[in-house]
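In what follows, a single structure is set out as structure tokens and then discussed.
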Amino acid sequence: MTTRAPGDDDRDDEVDLKVGRRKESAAGIPGVVASLRHAQAQLGPARTVRTLLKLNQPDGFDCPGCAWPDPGQATHFEFCENGAKAIAEEATVRRIDADFFARHGVDDLATRSDYWLGQQGRLTQPVYRPAGEQHYRPIGWDDAFATVADALAASGDPNRAVFYTSGRTSNEAAFLYQLLVRRLGTNNLPDCSNMCHESSGVALTQTIGIGKGSVTLDDVHEADLLLIVGQNPGTNHPRMLSALEQAKRNGAAIVAINPMPEAGLIRFKNPQHARGLVGKGTALADEYLQVKLGADLALFQLLNRRLVELDEDRGGGVLDRAFLDEHGDGVEELLAHLRTLDADALLTATGLPADEVERVARLLADRSRIIICWAMGITQHRQAVPTIREMVNTLLLRGSIGRAGAGVCPVRGHSNVQGDRTMGIYEQPSDAFLDALGEQFGFEPPRAHGYDTVDAIGAMAKGDVDVFVAMGGNFLAATPDTDVTAAAMRRTKLSVQVSTKLNRSHVVGGEASLILPCLGRTEIDRTGGTEQRVTVEDSMSMVHASVGQLEPASPDLRSEVAIVCGLAQRIFGPGDDVDWAGLAADYGRIRDEIEAVVPGFTDFNRRIDRPGGFVLPHPPRDRLEFPTDTGKARLTCNGFAGDDVPPGRLLLQTLRSHDQFNTTIYGLDDRYRGIKDGRRVVFVHADDLAALAAVTGPGGGRFADGDVVDVVSEAADGSERRAEAFRLVAYDVARGTCAAYFPEANVLVPLSAVAEESNTPASKAVIVRFEHR
């Protein structure tokens with residue numbers, strides 16, 4: 001029997017939308033109440049307690065939400081509000097069965113909101129929708145695997161298949177998944193990294209020789225200056241607020257750089273302390289710079305230029321000459337370049353007052369243990385890669401890499417997205433990785449680069465992809481240019497989604513579609529007749545175990561490892577050289593194979609027995625060694641080119657509400673921004689609304705707070721995209737910019753608008769206008 005969820009009706013999610021005042025603090029008693037309310041609605045009281053007390057514990061399971069690391073000494077309540085919501089979504093007692101799909105065809109489901117789809121509960125059995133039919137119907141696992149294998153065989157070319165991966169996939173499943181794909185003969189392994197921190201990986205590899213952050217959680221606590229850039233930790237990584245609070249109490253200064261004011265960066269009310277529950281909490285940001293969208297590069301160039309000037313004014317002591325002489329490459333070229341920059345033009349581009357920038361420059365000059373943190377507010381811009389290179393310049397000029405309390409900190413947004421890349425989920429694998437993989441498993445891996453996410457969509461749109469397989473995630477809702485992506489997906493012969501819950505990607509699939517339901521992180525994995533554990537890598541390169549605690553939602557669920565191995569057995573046959581059945585039965589054997597292929601995993605099985613796991617090597621952090629071509633850190637000369645926004649237009653960024661994680665919608669409120677019972681809103685500065693009235697709209701009609709408009713994006717090629725019926729909300733955003741929630745606003749992001757060098761969708765730099773309805 002299907003358990004009906006709240007919202008299992010035809011209600012229009014936007015009818016009751018209300019707008020109130022934004023908050024000036026995060027967490028506190030409202031966060032506790034929201035956590036318990038969501039959990040009890042999905043789990044019930046007893047299951048809530050049992051589940052939350054095992055979340056992020058050494059003997060429990062890793063949160064399937066963000067990748068923020070666990071502290072060395074975990075409390076009994078080592079979770080945040082959005083972590084509790086993530087667990088409630090996965091461990092829900094709501095179920096989807098065959099009757100649900102008999103009632104709802106895909107055309108019906110396509111009319112439902114993303115929130116409604118997610119609220120229907122856990123998938124409980126494999127289902128298949130044949131070509132030309134509306135309804136999914138049950139299918140056995142053997143037949144499901146045969147369907148995929150037959151489609152791949154019928155295609156005849158492995159490069160006409162695409163294998164996508166979500167960041168929640170375990171290390172063990174990811175390693176076997178990429179092994180299957182490469183034994184099949186392709187590197188078409190796009191993943192969610194392509195859409196978030198690909199820009200970070202490219203820029204960090206170019207500058208310090210490794211595409212990962214260099215800091216640990218202890219470094220955050222020991223820093224004396226933290227710059228939080230293009231990131232909203234109060235919603236996206238709430239446990240980070242505890243680390244920032246500790247740093248602040250240890251004497252650190254915090255600078256927030258973000259076009260929008262975010263409650264979590266203003267004040268934190270820690271719910272685990274009395275001062276957070278009944279007191280004022282902790283003020284976090286000492287400086288809050290509301291920079292214009294896309295102008296972060298101009299800001300950091302201005303700051304770096306000022307560091308050079310302050311060093312000259314003070315007769316030295318600002319630039320770390322000893323560090324630069326020993327470990328820096330391109331120092332003099334950068335210094336000469338910075339001196340040529342037009343400081344006034346850069347300041348104008350940022351939209352910031354000169355005194356704010358000067359105060360931050362002096363903080364950088366006067367403090368030495370500096371960490372720069374960033375997230376998608378930086379990585380999803382056209383100039384994301386040079387922006388990150390410029391931030392690295394800042395740290396290198398101050399000698400703030402490879403010392404305690406200092407370094408680069410790209411904050412990953414999904415639980416194991418960094419681990420998936422470490423395991424080889426990458427369309428551009430290194431020769432060293434492929435050599436090790438081929439030697440261990442006795443085959444010659446393909447060498448040609450495969451499709452990343454944007455290129456995969458383009459290939460599907462051209463009819464060059466027959467089979468699309470997604471290991472987790474919600475590809476359609478996560479990707480840009482929603483209508484283009486949907487049309488591209490429909491051109492495939494077969495789409496396969498390995499999922500725990502219903503989402504938009506199940507509604508819009510290939511000619512035929514499969515849904516393969518898998519175990520969640522919270523659930524006991526008894527694959528092979530014994531209880532298994534998996535591992536994940538957090539945002540700071542810590543690898544640790546995760547062990548499910550709950551009975552599976554259905555006896556028909558299989559683990560991701562079992563699904564990969566079952567599919568591989570059907571594709572390659574019983575005589576394959578890889579013992580897929582043996583690997584599925586013993587995850588320890590998978591970890592032995594990882595140890596043989598991936599550097600840093602020596603003694604893998606034993607080291608995950610330690611509470612908290614172990615940290616992977618990072619040469620710049622560990623030994624001040626930079627694995628670049630020159631053996632030194634590279635300081636780079638970057639050129640700023642702002643976005644050309646025509647009169648009457650604004651630059652839009654997509655963002656999350658507080659009631660969502662990535663594409664999963666937990667509810668229809670955004671408590672911190674004052675939004676209740678709706679999501680189709682666009683935040684605009686009141687002065688911009690007044691200024692736009694003279695040049696925009698039919699007949700020059702005026703715009704006002706509360707108007708319902710269509711938002712139209714204008715691409716560089718002259719094409720337009722439309723998002724209908726969004727409410728204008730006057731809000732304190734940087735002038736000339738606006739913001740709206742994804743996935744609703746993803747339809748506005750052109751597939752062709754990407755970050756230079758990384759090919760990441762430029763979802764934070766979309767030129768839009770408003771039209772009255």
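Residues in the structure tokens are numbered from 1 in each chain, the chains being A, B, ... in the order shown, and ligands are numbered from 1 in the order shown.
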### Message
If we count only C-alpha atoms and set the cut-off at 6 Å, which residues sit around range 37-51 of chain A, ignoring sequence neighbours fewer than 6 positions away in its own chain? Please answer as a ChimeraX atom specification.
### Response
/A:85,88,92-93
If you run DSSP on the backbone, which residues of range 163-260 of chain A are alpha helix (DSSP H), as a tab-separated table (two decimals) with C-alpha atoms, in the first residue's frame?
chain	number	residue	atom	x	y	z
A	171	ASN	CA	33.92	5.19	-2.65
A	172	GLU	CA	33.38	1.48	-3.14
A	173	ALA	CA	30.47	1.91	-5.57
A	174	ALA	CA	32.20	4.73	-7.46
A	175	PHE	CA	35.40	2.72	-7.93
A	176	LEU	CA	33.52	-0.28	-9.34
A	177	TYR	CA	31.30	1.95	-11.47
A	178	GLN	CA	34.25	3.61	-13.23
A	179	LEU	CA	35.88	0.17	-13.61
A	180	LEU	CA	32.77	-1.16	-15.34
A	181	VAL	CA	32.59	1.88	-17.63
A	182	ARG	CA	36.26	1.73	-18.61
A	183	ARG	CA	36.15	-2.02	-19.20
A	184	LEU	CA	33.20	-1.31	-21.44
A	198	GLU	CA	35.29	21.72	-11.45
A	199	SER	CA	36.53	25.30	-11.61
A	200	SER	CA	38.27	24.79	-8.26
A	201	GLY	CA	39.97	21.61	-9.41
A	202	VAL	CA	41.24	23.25	-12.59
A	203	ALA	CA	42.54	26.39	-10.88
A	204	LEU	CA	44.13	24.61	-7.91
A	205	THR	CA	45.86	22.05	-10.14
A	206	GLN	CA	47.30	24.91	-12.19
A	207	THR	CA	48.55	26.84	-9.17
A	217	LEU	CA	39.20	21.40	10.41
A	218	ASP	CA	41.92	22.18	12.97
A	219	ASP	CA	43.30	24.79	10.56
A	220	VAL	CA	39.91	26.53	10.48
A	221	HIS	CA	39.93	26.68	14.28
A	222	GLU	CA	43.52	28.06	14.31
A	233	PRO	CA	27.17	28.15	5.08
A	234	GLY	CA	24.05	28.80	7.17
A	235	THR	CA	21.99	26.92	4.59
A	236	ASN	CA	24.46	24.89	2.54
A	240	MET	CA	30.61	25.02	9.31
A	241	LEU	CA	29.09	27.71	11.52
A	242	SER	CA	30.30	25.86	14.63
A	243	ALA	CA	33.84	25.87	13.23
A	244	LEU	CA	33.62	29.58	12.43
A	245	GLU	CA	32.31	30.26	15.92
A	246	GLN	CA	35.28	28.43	17.44
A	247	ALA	CA	37.70	30.33	15.20
A	248	LYS	CA	36.06	33.60	16.21
A	249	ARG	CA	36.38	32.75	19.90
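Compared by their closest atoms to Arg722 in chain A, and using only C-alpha atoms, the residues A:Gln428, A:Thr482, A:Thr216, A:Ser513 rank with A:Thr482 nearest.
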### Query
Closest to Ala91 in chain A among A:His414, A:Arg521, A:Arg491, A:Arg267, using only C-alpha atoms?
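Using only C-alpha atoms, Ala91 in chain A sits closest to A:Arg521.
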Between range 117-226 of chain A and range 648-667 of chain A, at 12 Å or less, what are the per-residue closest atom pairs and their distances in Å? Count only C-alpha atoms, order by chain and rising residue number, and return it as CSV.
residue,atom,partner,partner_atom,distance
A:Leu117,CA,A:Ile665,CA,9.3
A:Gly118,CA,A:Thr664,CA,7.0
A:Gln119,CA,A:Tyr666,CA,8.0
A:Gln120,CA,A:Tyr666,CA,11.8
A:Ser166,CA,A:Asn662,CA,11.0
A:Gly167,CA,A:Asn662,CA,10.6
A:Arg168,CA,A:Asn662,CA,11.5
A:Cys192,CA,A:Asn662,CA,10.5
A:Met195,CA,A:Asn662,CA,11.3
A:Cys196,CA,A:Asn662,CA,10.6
Output for the residues just chosen: N, CA, C and O atoms as a short mmCIF file (atom, residue, chain, number, x, y, z; two decimals), in the first residue's frame:
data_model
loop_
_atom_site.label_atom_id
_atom_site.label_comp_id
_atom_site.auth_asym_id
_atom_site.auth_seq_id
_atom_site.Cartn_x
_atom_site.Cartn_y
_atom_site.Cartn_z
N LEU A 117 7.00 15.69 -5.97
CA LEU A 117 7.63 14.42 -6.36
C LEU A 117 8.46 13.86 -5.22
O LEU A 117 8.40 12.67 -4.90
N GLY A 118 9.24 14.72 -4.58
CA GLY A 118 10.12 14.25 -3.52
C GLY A 118 9.40 13.81 -2.27
O GLY A 118 9.93 13.00 -1.49
N GLN A 119 8.18 14.32 -2.07
CA GLN A 119 7.45 14.00 -0.85
C GLN A 119 6.70 12.67 -0.91
O GLN A 119 6.11 12.25 0.09
N GLN A 120 6.73 11.99 -2.03
CA GLN A 120 5.94 10.77 -2.16
C GLN A 120 6.57 9.57 -1.47
O GLN A 120 5.89 8.57 -1.24
N SER A 166 26.34 10.85 -9.08
CA SER A 166 26.02 11.85 -8.06
C SER A 166 27.05 11.79 -6.95
O SER A 166 27.69 10.76 -6.72
N GLY A 167 27.16 12.88 -6.19
CA GLY A 167 28.13 12.95 -5.12
C GLY A 167 27.81 12.12 -3.89
O GLY A 167 28.63 12.06 -2.98
N ARG A 168 26.65 11.49 -3.82
CA ARG A 168 26.33 10.68 -2.64
C ARG A 168 26.82 9.24 -2.78
O ARG A 168 26.76 8.46 -1.84
N CYS A 192 28.62 15.27 -10.89
CA CYS A 192 28.16 16.55 -10.37
C CYS A 192 29.31 17.52 -10.11
O CYS A 192 29.08 18.73 -10.01
N MET A 195 29.53 20.41 -12.42
CA MET A 195 28.60 21.52 -12.25
C MET A 195 28.86 22.35 -11.01
O MET A 195 28.20 23.37 -10.80
N CYS A 196 29.80 21.92 -10.16
CA CYS A 196 30.04 22.71 -8.95
C CYS A 196 31.51 23.11 -8.82
O CYS A 196 31.87 24.22 -9.16
#
### Task
Pick out each residue of range 279-500 of chain A that DSSP on the backbone tags as strand (DSSP E or B); I need them as a PyMOL selection string.
chain A and resi 282-283+287-289+328-329+370-374+407-410+467-471+494-499
### Query
Do you know which residues are at most 10 Å from Ala263 in chain A counting only C-alpha atoms, after dropping those on the same chain fewer than 6 positions away, and could you put them as a VMD selection string?
chain A and resid 22 to 27 232 to 235 284 671 to 673
What would the file look like if the residues just selected were written as a compact mmCIF listing (two decimals), in the first residue's frame with C-alpha atoms?
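Output (result04.txt):
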# COMPACT_ATOMS: atom_id res chain seq x y z
CA ARG A 22 14.70 38.35 6.54
CA LYS A 23 16.53 37.00 9.58
CA GLU A 24 19.73 38.39 11.08
CA SER A 25 20.85 35.14 12.74
CA ALA A 26 20.97 31.43 11.95
CA ALA A 27 20.09 28.25 13.86
CA ASN A 232 26.18 30.59 2.33
CA PRO A 233 27.17 28.15 5.08
CA GLY A 234 24.05 28.80 7.17
CA THR A 235 21.99 26.92 4.59
CA LEU A 284 30.53 36.17 12.84
CA ARG A 671 13.02 31.09 6.82
CA TYR A 672 16.21 33.14 6.67
CA ARG A 673 15.06 35.20 3.68
### Message
For range 454-460 of chain A, find every residue with an atom within 12 Å (counting only C-alpha atoms), except residues of its own chain fewer than 6 positions away, and show them as a PyMOL selection string.
### Response
chain A and resi 159-164+187-195+198+427+466-469+475-476+478-495+509-510+749-755+758-762
Keeping only C-alpha atoms, take the residues you just selected and write them out as a short mmCIF file (atom, residue, chain, number, x, y, z; two decimals), in the first residue's frame.
data_model
loop_
_atom_site.label_atom_id
_atom_site.label_comp_id
_atom_site.auth_asym_id
_atom_site.auth_seq_id
_atom_site.Cartn_x
_atom_site.Cartn_y
_atom_site.Cartn_z
CA ASN A 159 31.09 5.94 -26.59
CA ARG A 160 27.37 6.24 -27.36
CA ALA A 161 26.65 5.62 -23.68
CA VAL A 162 26.94 8.14 -20.82
CA PHE A 163 27.41 7.17 -17.16
CA TYR A 164 26.63 10.00 -14.74
CA ASN A 187 35.53 7.60 -20.39
CA ASN A 188 32.06 9.12 -20.62
CA LEU A 189 31.88 9.66 -16.85
CA PRO A 190 30.34 13.08 -16.23
CA ASP A 191 29.50 13.84 -12.62
CA CYS A 192 28.16 16.55 -10.37
CA SER A 193 31.69 17.95 -9.92
CA ASN A 194 31.38 19.24 -13.47
CA MET A 195 28.60 21.52 -12.25
CA GLU A 198 35.29 21.72 -11.45
CA GLU A 427 35.99 12.18 -17.96
CA ASP A 466 21.83 5.84 -26.98
CA VAL A 467 22.03 4.89 -23.29
CA PHE A 468 22.14 7.20 -20.28
CA VAL A 469 22.83 5.75 -16.82
CA PHE A 475 20.32 15.02 -13.60
CA LEU A 476 17.51 16.94 -15.25
CA ALA A 478 20.59 19.78 -11.54
CA THR A 479 21.70 20.72 -15.04
CA PRO A 480 21.28 24.05 -16.88
CA ASP A 481 18.96 24.91 -19.74
CA THR A 482 16.17 22.64 -18.50
CA ASP A 483 14.10 22.55 -21.69
CA VAL A 484 17.14 21.82 -23.85
CA THR A 485 18.31 19.11 -21.45
CA ALA A 486 14.85 17.51 -21.33
CA ALA A 487 14.66 17.39 -25.12
CA ALA A 488 18.16 15.91 -25.22
CA MET A 489 17.28 13.22 -22.69
CA ARG A 490 14.22 12.22 -24.71
CA ARG A 491 16.47 11.45 -27.69
CA THR A 492 18.20 8.58 -25.88
CA LYS A 493 16.95 5.03 -26.40
CA LEU A 494 17.14 4.09 -22.72
CA SER A 495 17.65 6.11 -19.54
CA GLY A 509 13.64 10.09 -19.66
CA GLY A 510 14.64 8.29 -22.78
CA VAL A 749 20.80 29.25 -17.80
CA PRO A 750 21.99 28.75 -21.40
CA LEU A 751 23.89 25.52 -22.00
CA SER A 752 26.46 27.58 -23.90
CA ALA A 753 27.17 29.86 -20.92
CA VAL A 754 30.05 28.17 -19.12
CA ALA A 755 33.14 28.98 -17.10
CA SER A 758 36.34 24.26 -16.63
CA ASN A 759 33.15 24.14 -18.73
CA THR A 760 31.06 24.55 -15.57
CA PRO A 761 27.62 26.11 -16.17
CA ALA A 762 27.72 29.84 -15.41
#
### Task
One decimal, Å: what's the distance from CA of Ile228 in chain A over to CA of Glu309 in chain A, could you say?
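Pair CA of Ile228 in chain A / CA of Glu309 in chain A returns 23.9 Å.
With distances restricted to only C-alpha atoms, A:Val308 is the closest residue to Leu341 in chain A from A:Cys373, A:Ala436, A:Leu363, A:Val308.
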If we count only C-alpha atoms, what is near Val278 in chain A at a cut-off of 9 Å, once residues fewer than 3 positions away on the same chain are taken out, given as a PDB file with N, CA, C and O atoms, in the first residue's frame?
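Contents of out_20.pdb, as written:
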ATOM      1  N   GLY A  28      19.793  28.371  16.328  1.00  0.00           N
ATOM      2  CA  GLY A  28      19.051  28.673  17.534  1.00  0.00           C
ATOM      3  C   GLY A  28      17.826  27.790  17.685  1.00  0.00           C
ATOM      4  O   GLY A  28      17.702  26.725  17.067  1.00  0.00           O
ATOM      5  N   ILE A  29      16.877  28.227  18.513  1.00  0.00           N
ATOM      6  CA  ILE A  29      15.671  27.439  18.778  1.00  0.00           C
ATOM      7  C   ILE A  29      14.865  27.182  17.502  1.00  0.00           C
ATOM      8  O   ILE A  29      14.384  26.061  17.298  1.00  0.00           O
ATOM      9  N   LYS A 269      23.552  31.306  16.283  1.00  0.00           N
ATOM     10  CA  LYS A 269      23.051  30.889  17.588  1.00  0.00           C
ATOM     11  C   LYS A 269      23.200  29.377  17.688  1.00  0.00           C
ATOM     12  O   LYS A 269      22.348  28.618  17.197  1.00  0.00           O
ATOM     13  N   HIS A 273      24.624  25.161  22.736  1.00  0.00           N
ATOM     14  CA  HIS A 273      25.083  25.944  23.875  1.00  0.00           C
ATOM     15  C   HIS A 273      23.968  26.879  24.329  1.00  0.00           C
ATOM     16  O   HIS A 273      23.163  27.359  23.523  1.00  0.00           O
ATOM     17  N   ALA A 274      23.950  27.156  25.628  1.00  0.00           N
ATOM     18  CA  ALA A 274      22.905  28.012  26.177  1.00  0.00           C
ATOM     19  C   ALA A 274      22.911  29.386  25.522  1.00  0.00           C
ATOM     20  O   ALA A 274      21.863  29.972  25.259  1.00  0.00           O
ATOM     21  N   ARG A 275      24.116  29.900  25.224  1.00  0.00           N
ATOM     22  CA  ARG A 275      24.193  31.237  24.637  1.00  0.00           C
ATOM     23  C   ARG A 275      23.565  31.280  23.245  1.00  0.00           C
ATOM     24  O   ARG A 275      23.169  32.338  22.764  1.00  0.00           O
ATOM     25  N   GLY A 281      23.973  34.656  20.864  1.00  0.00           N
ATOM     26  CA  GLY A 281      24.792  33.911  19.936  1.00  0.00           C
ATOM     27  C   GLY A 281      26.112  34.612  19.662  1.00  0.00           C
ATOM     28  O   GLY A 281      26.563  35.445  20.443  1.00  0.00           O
TER      29      GLY A 281
END
